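Down below is the structure, laid out as structure tokens.
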Number of protein chains: 2
Amino acid sequence: MGDDIREKHDGALAGRLDVRVLLRLLSCSMTIEKRLRRRFADQFGTTLPRFDVLAALDRHRDGLTLGDLSRALLVSNGNVTMMIRQLEADGFIATRSTPEDRRRTVAVLTDAGQAHFAELAAAHHAWIGKMFSNMSERDLTALYDLLAALKLSIGADEEEQK
Amino acid sequence: MGDDIREKHDGALAGRLDVRVLLRLLSCSMTIEKRLRRRFADQFGTTLPRFDVLAALDRHRDGLTLGDLSRALLVSNGNVTMMIRQLEADGFIATRSTPEDRRRTVAVLTDAGQAHFAELAAAHHAWIGKMFSNMSERDLTALYDLLAALKLSIGADEEEQK
DNA sequence: TACATATGCTTTAAGCTTAAAGCAATTGGA
DNA sequence: TCCAATTGCTTTAAGCTTAAAGCATATGTA
């Protein structure tokens, strides 16, 4: 049981604490991501990245440029181009180029896109609620704060490399 | 600055705590994973999954079957087959089929593979040390424990789905 | 033994993602 | 004005990953 949430290297006698934390972190997020991906595919015929695009646009009703999306979602420009094209073909988003800079393309949700996203988001929230259901609110808050600290630490490392 | 460690949906006004925790979790692990992947490619001409295979074999000197590797690393069987073939061609691992079950293939590190892994692991540890350097040991321990709880919670969700 | 089922691995086809090169539009000096 | 550098997006080529089908071997049962 639970074969696929075992940690890489089995997680046990690994040496350093930071490495053990990392392995556990990657294991958790990979498991969650795979599960979400599978459920989106099975139940809605869509993908997690497409959902991410819709979610970003849902939170920015005035639209986002493709570059904004690429940076926000941590995916490459080319990938955004492809997803936007598909989502537009499906009628979920509309695009226009800005008058002040005609290189830019702004994407916005259509009404159909908003409705579609609402449906996906409801399922997404339910899934996540289940996955986190054994965690107390106190645990969640603590985890949230620690991840903020980790994010800062990672960011500091990146700055240093430049 | 820090553009690529921004959270999906910008992380701010998102509603539910569990969703915010998830977004932050995915953001952290994706950023770390990408950075490791890039450094392995740039500095050693290898990939993170290949490193994961070597690490697993380094921790199991008596060898692992391909199925064991697939489950431990959370990658598909076909993927393991490909990586093993490459690593064997590079001389880093050797394979044999077991006498008791000739369907099984066991992979073990060669001496060259051990040396190669040692080099990669040293860099890997240094990178992780830097990325986590702003986290206190206390923080790391707390994070480690919370991730264990999360993992349990995720596992419980999986069981339920069957 | 015979046969159905299960297991371990491999192949195949398809999709996803990226880096790098390329194109179009803009900006900022000479 | 002109032109180089920059910026935003698109295309291309390559690699990675997976699910599903396929093959070989093993197991259990009659």
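Going through the structure tokens in order, the chains are called A, B, and so on, while each chain numbers its residues from 1 and the ligands are numbered from 1 in the order shown.
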
As a short mmCIF file (atom, residue, chain, number, x, y, z; two decimals) with C-alpha atoms, in the first residue's frame, which residues of range 52-140 of chain B does DSSP assign to alpha helix (DSSP H)?
data_model
loop_
_atom_site.label_atom_id
_atom_site.label_comp_id
_atom_site.auth_asym_id
_atom_site.auth_seq_id
_atom_site.Cartn_x
_atom_site.Cartn_y
_atom_site.Cartn_z
CA ASP B 52 17.91 9.88 -9.19
CA VAL B 53 18.57 6.46 -10.67
CA LEU B 54 22.22 6.55 -9.67
CA ALA B 55 21.30 7.73 -6.18
CA ALA B 56 18.83 4.91 -5.72
CA LEU B 57 21.42 2.36 -6.85
CA ASP B 58 24.07 3.93 -4.66
CA ARG B 59 21.84 3.34 -1.68
CA LEU B 66 13.64 -2.04 -12.84
CA GLY B 67 10.22 -2.26 -11.25
CA ASP B 68 11.68 -1.21 -7.90
CA LEU B 69 13.27 1.77 -9.57
CA SER B 70 10.06 2.73 -11.32
CA ARG B 71 8.14 2.71 -8.06
CA ALA B 72 10.85 4.40 -6.03
CA LEU B 73 11.37 7.22 -8.49
CA ASN B 77 8.37 1.56 -16.48
CA GLY B 78 9.18 2.56 -20.02
CA ASN B 79 11.12 5.51 -18.79
CA VAL B 80 13.21 3.36 -16.50
CA THR B 81 13.95 1.02 -19.38
CA MET B 82 15.30 3.94 -21.43
CA MET B 83 17.40 5.45 -18.66
CA ILE B 84 18.87 2.13 -17.68
CA ARG B 85 19.84 1.49 -21.27
CA GLN B 86 21.59 4.85 -21.50
CA LEU B 87 23.35 4.50 -18.18
CA GLU B 88 24.52 1.06 -19.13
CA ALA B 89 25.83 2.35 -22.46
CA ASP B 111 32.84 1.30 -10.14
CA ALA B 112 32.74 4.04 -12.75
CA GLY B 113 29.13 4.65 -11.85
CA GLN B 114 29.98 5.00 -8.17
CA ALA B 115 32.72 7.48 -8.94
CA HIS B 116 30.44 9.43 -11.26
CA PHE B 117 27.69 9.50 -8.69
CA ALA B 118 30.05 10.68 -5.97
CA GLU B 119 30.97 13.66 -8.09
CA LEU B 120 27.36 14.50 -8.88
CA ALA B 121 26.26 14.01 -5.29
CA ALA B 122 28.87 16.42 -3.99
CA ALA B 123 27.59 19.16 -6.29
CA HIS B 124 24.00 18.26 -5.52
CA HIS B 125 24.58 18.53 -1.79
CA ALA B 126 26.34 21.86 -2.17
CA TRP B 127 23.48 23.26 -4.26
CA ILE B 128 20.87 22.12 -1.78
CA GLY B 129 22.87 23.43 1.12
CA LYS B 130 22.85 26.86 -0.51
CA MET B 131 19.18 26.75 -1.35
CA GLU B 137 17.75 23.47 11.68
CA ARG B 138 14.64 24.00 13.75
CA ASP B 139 12.73 25.16 10.67
CA LEU B 140 13.98 22.25 8.65
#

- Report as a list in words the set of chain D residues whose atoms approach chain A to within 9 Å, with distances computed over only C-alpha atoms (C1' of nucleotides). DT7, DG8, DC9, DT10 and DT11 of chain D

Filtering to N, CA and C atoms (P, O5', C5', C4', C3', O3' and C1' of nucleotides), could you give me those residues as a PDB file, in the first residue's frame?
ATOM      1  P    DT D   7      15.110  44.505 -22.696  1.00  0.00           P
ATOM      2  O5'  DT D   7      13.700  44.219 -23.380  1.00  0.00           O
ATOM      3  C5'  DT D   7      12.852  45.307 -23.700  1.00  0.00           C
ATOM      4  C4'  DT D   7      11.647  44.802 -24.458  1.00  0.00           C
ATOM      5  C3'  DT D   7      11.001  43.552 -23.848  1.00  0.00           C
ATOM      6  O3'  DT D   7       9.626  43.816 -23.680  1.00  0.00           O
ATOM      7  C1'  DT D   7      11.364  43.258 -26.159  1.00  0.00           C
ATOM      8  P    DG D   8       8.699  42.836 -22.888  1.00  0.00           P
ATOM      9  O5'  DG D   8       7.927  42.059 -24.039  1.00  0.00           O
ATOM     10  C5'  DG D   8       6.912  42.744 -24.767  1.00  0.00           C
ATOM     11  C4'  DG D   8       6.321  41.803 -25.789  1.00  0.00           C
ATOM     12  C3'  DG D   8       5.867  40.453 -25.214  1.00  0.00           C
ATOM     13  O3'  DG D   8       4.525  40.222 -25.615  1.00  0.00           O
ATOM     14  C1'  DG D   8       7.293  40.129 -27.079  1.00  0.00           C
ATOM     15  P    DC D   9       3.783  38.952 -25.100  1.00  0.00           P
ATOM     16  O5'  DC D   9       3.977  37.948 -26.321  1.00  0.00           O
ATOM     17  C5'  DC D   9       3.377  38.303 -27.574  1.00  0.00           C
ATOM     18  C4'  DC D   9       3.981  37.465 -28.679  1.00  0.00           C
ATOM     19  C3'  DC D   9       3.613  35.984 -28.663  1.00  0.00           C
ATOM     20  O3'  DC D   9       2.728  35.766 -29.760  1.00  0.00           O
ATOM     21  C1'  DC D   9       5.879  36.354 -29.282  1.00  0.00           C
ATOM     22  P    DT D  10       2.189  34.308 -30.064  1.00  0.00           P
ATOM     23  O5'  DT D  10       3.292  33.707 -31.053  1.00  0.00           O
ATOM     24  C5'  DT D  10       3.526  34.358 -32.287  1.00  0.00           C
ATOM     25  C4'  DT D  10       4.478  33.521 -33.132  1.00  0.00           C
ATOM     26  C3'  DT D  10       4.088  32.048 -33.276  1.00  0.00           C
ATOM     27  O3'  DT D  10       4.105  31.761 -34.666  1.00  0.00           O
ATOM     28  C1'  DT D  10       6.344  32.232 -32.571  1.00  0.00           C
ATOM     29  P    DT D  11       3.619  30.305 -35.143  1.00  0.00           P
ATOM     30  O5'  DT D  11       5.000  29.586 -35.496  1.00  0.00           O
ATOM     31  C5'  DT D  11       5.937  30.255 -36.342  1.00  0.00           C
ATOM     32  C4'  DT D  11       7.260  29.512 -36.344  1.00  0.00           C
ATOM     33  C3'  DT D  11       7.154  28.000 -36.576  1.00  0.00           C
ATOM     34  O3'  DT D  11       7.963  27.698 -37.696  1.00  0.00           O
ATOM     35  C1'  DT D  11       8.557  28.468 -34.709  1.00  0.00           C
TER      36       DT D  11
END

- chain C residues within 7 Å of chain A, counting only C-alpha atoms (C1' of nucleotides): which ones, as a PyMOL selection string? chain C and resi 17-18+25

- Task: Restrict the distance test to only C-alpha atoms, flag each residue of chain B within 8 Å of chain A, and return the flagged residues as number ranges by chain.
- Result: B: 2-10, 17-21, 24-26, 28-29, 32, 52, 55-56, 59, 71-74, 125, 128-135, 139-141, 143-144, 146-157, 159

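Picture a line from CA of Ala94 in chain A to CA of Leu48 in chain A; it runs 19.7 Å.
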
Within 10 Å of range 23-27 of chain D, which residues of chain C show up? Give each one with its shortest atom-to-atom distance in Å (one decimal) and the two atoms involved, counting only C-alpha atoms (C1' of nucleotides), rows by chain then rising residue number, as a tab-separated table.
residue	atom	partner	partner_atom	distance
C:DT5	C1'	D:DT27	C1'	8.3
C:DA6	C1'	D:DT27	C1'	7.5
C:DT7	C1'	D:DA26	C1'	7.5
C:DG8	C1'	D:DT25	C1'	8.3
C:DC9	C1'	D:DA24	C1'	8.7
C:DT10	C1'	D:DC23	C1'	7.9
C:DT11	C1'	D:DC23	C1'	9.4

Selection file, N, CA and C atoms (P, O5', C5', C4', C3', O3' and C1' of nucleotides), as a tab-separated table (two decimals), in the first residue's frame:
chain	number	residue	atom	x	y	z
C	5	DT	P	-8.86	-15.93	-17.05
C	5	DT	O5'	-7.74	-15.37	-16.07
C	5	DT	C5'	-7.58	-16.00	-14.79
C	5	DT	C4'	-6.28	-15.52	-14.17
C	5	DT	C3'	-6.04	-14.02	-14.27
C	5	DT	O3'	-5.95	-13.50	-12.96
C	5	DT	C1'	-4.09	-15.26	-14.84
C	6	DA	P	-5.75	-11.91	-12.73
C	6	DA	O5'	-4.19	-11.86	-12.40
C	6	DA	C5'	-3.66	-12.78	-11.44
C	6	DA	C4'	-2.15	-12.63	-11.39
C	6	DA	C3'	-1.66	-11.16	-11.35
C	6	DA	O3'	-0.71	-11.07	-10.31
C	6	DA	C1'	-0.60	-12.34	-13.10
C	7	DT	P	-0.17	-9.66	-9.85
C	7	DT	O5'	1.29	-9.67	-10.49
C	7	DT	C5'	2.14	-10.79	-10.23
C	7	DT	C4'	3.37	-10.69	-11.10
C	7	DT	C3'	4.02	-9.29	-11.13
C	7	DT	O3'	5.36	-9.45	-10.74
C	7	DT	C1'	3.80	-10.17	-13.31
C	8	DG	P	6.27	-8.19	-10.38
C	8	DG	O5'	7.17	-8.04	-11.68
C	8	DG	C5'	8.18	-9.00	-11.94
C	8	DG	C4'	8.87	-8.64	-13.23
C	8	DG	C3'	9.31	-7.18	-13.32
C	8	DG	O3'	10.69	-7.14	-13.66
C	8	DG	C1'	8.06	-7.79	-15.24
C	9	DC	P	11.46	-5.76	-13.72
C	9	DC	O5'	11.39	-5.46	-15.27
C	9	DC	C5'	12.05	-6.35	-16.16
C	9	DC	C4'	11.57	-6.13	-17.58
C	9	DC	C3'	11.98	-4.81	-18.21
C	9	DC	O3'	12.97	-5.11	-19.21
C	9	DC	C1'	9.75	-5.45	-18.78
C	10	DT	P	13.58	-3.94	-20.09
C	10	DT	O5'	12.60	-3.87	-21.34
C	10	DT	C5'	12.46	-5.03	-22.15
C	10	DT	C4'	11.62	-4.69	-23.38
C	10	DT	C3'	12.06	-3.46	-24.16
C	10	DT	O3'	12.18	-3.85	-25.51
C	10	DT	C1'	9.75	-3.32	-23.65
C	11	DT	P	12.75	-2.78	-26.56
C	11	DT	O5'	11.43	-2.32	-27.32
C	11	DT	C5'	10.56	-3.33	-27.84
C	11	DT	C4'	9.26	-2.70	-28.31
C	11	DT	C3'	9.42	-1.48	-29.21
C	11	DT	O3'	8.72	-1.74	-30.43
C	11	DT	C1'	7.86	-1.04	-27.48

- Identify, on the basis of only C-alpha atoms (C1' of nucleotides), every residue whose closest approach to DG29 in chain C does not exceed 12 Å; exclude the query and any residue fewer than 3 positions from it along the same chain; express the result as a list of chain:residue names. D:DT1, D:DC2, D:DC3, D:DA4, D:DA5

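The interatomic distance for the pair CA of Val108 in chain B and CA of Phe40 in chain B works out to 21.8 Å.
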
- Message: Can you tell me, as JSON, numbers by chain, which residues in range 6-157 of chain A count as strand (DSSP E) by DSSP?
- Response: {"A": [64, 65, 93, 94, 95, 96, 97, 105, 106, 107, 108, 109]}

- Message: One decimal, in Å: what's the spacing between CA of Ala41 in chain B and CA of Leu109 in chain B?
- Response: 21.0 Å
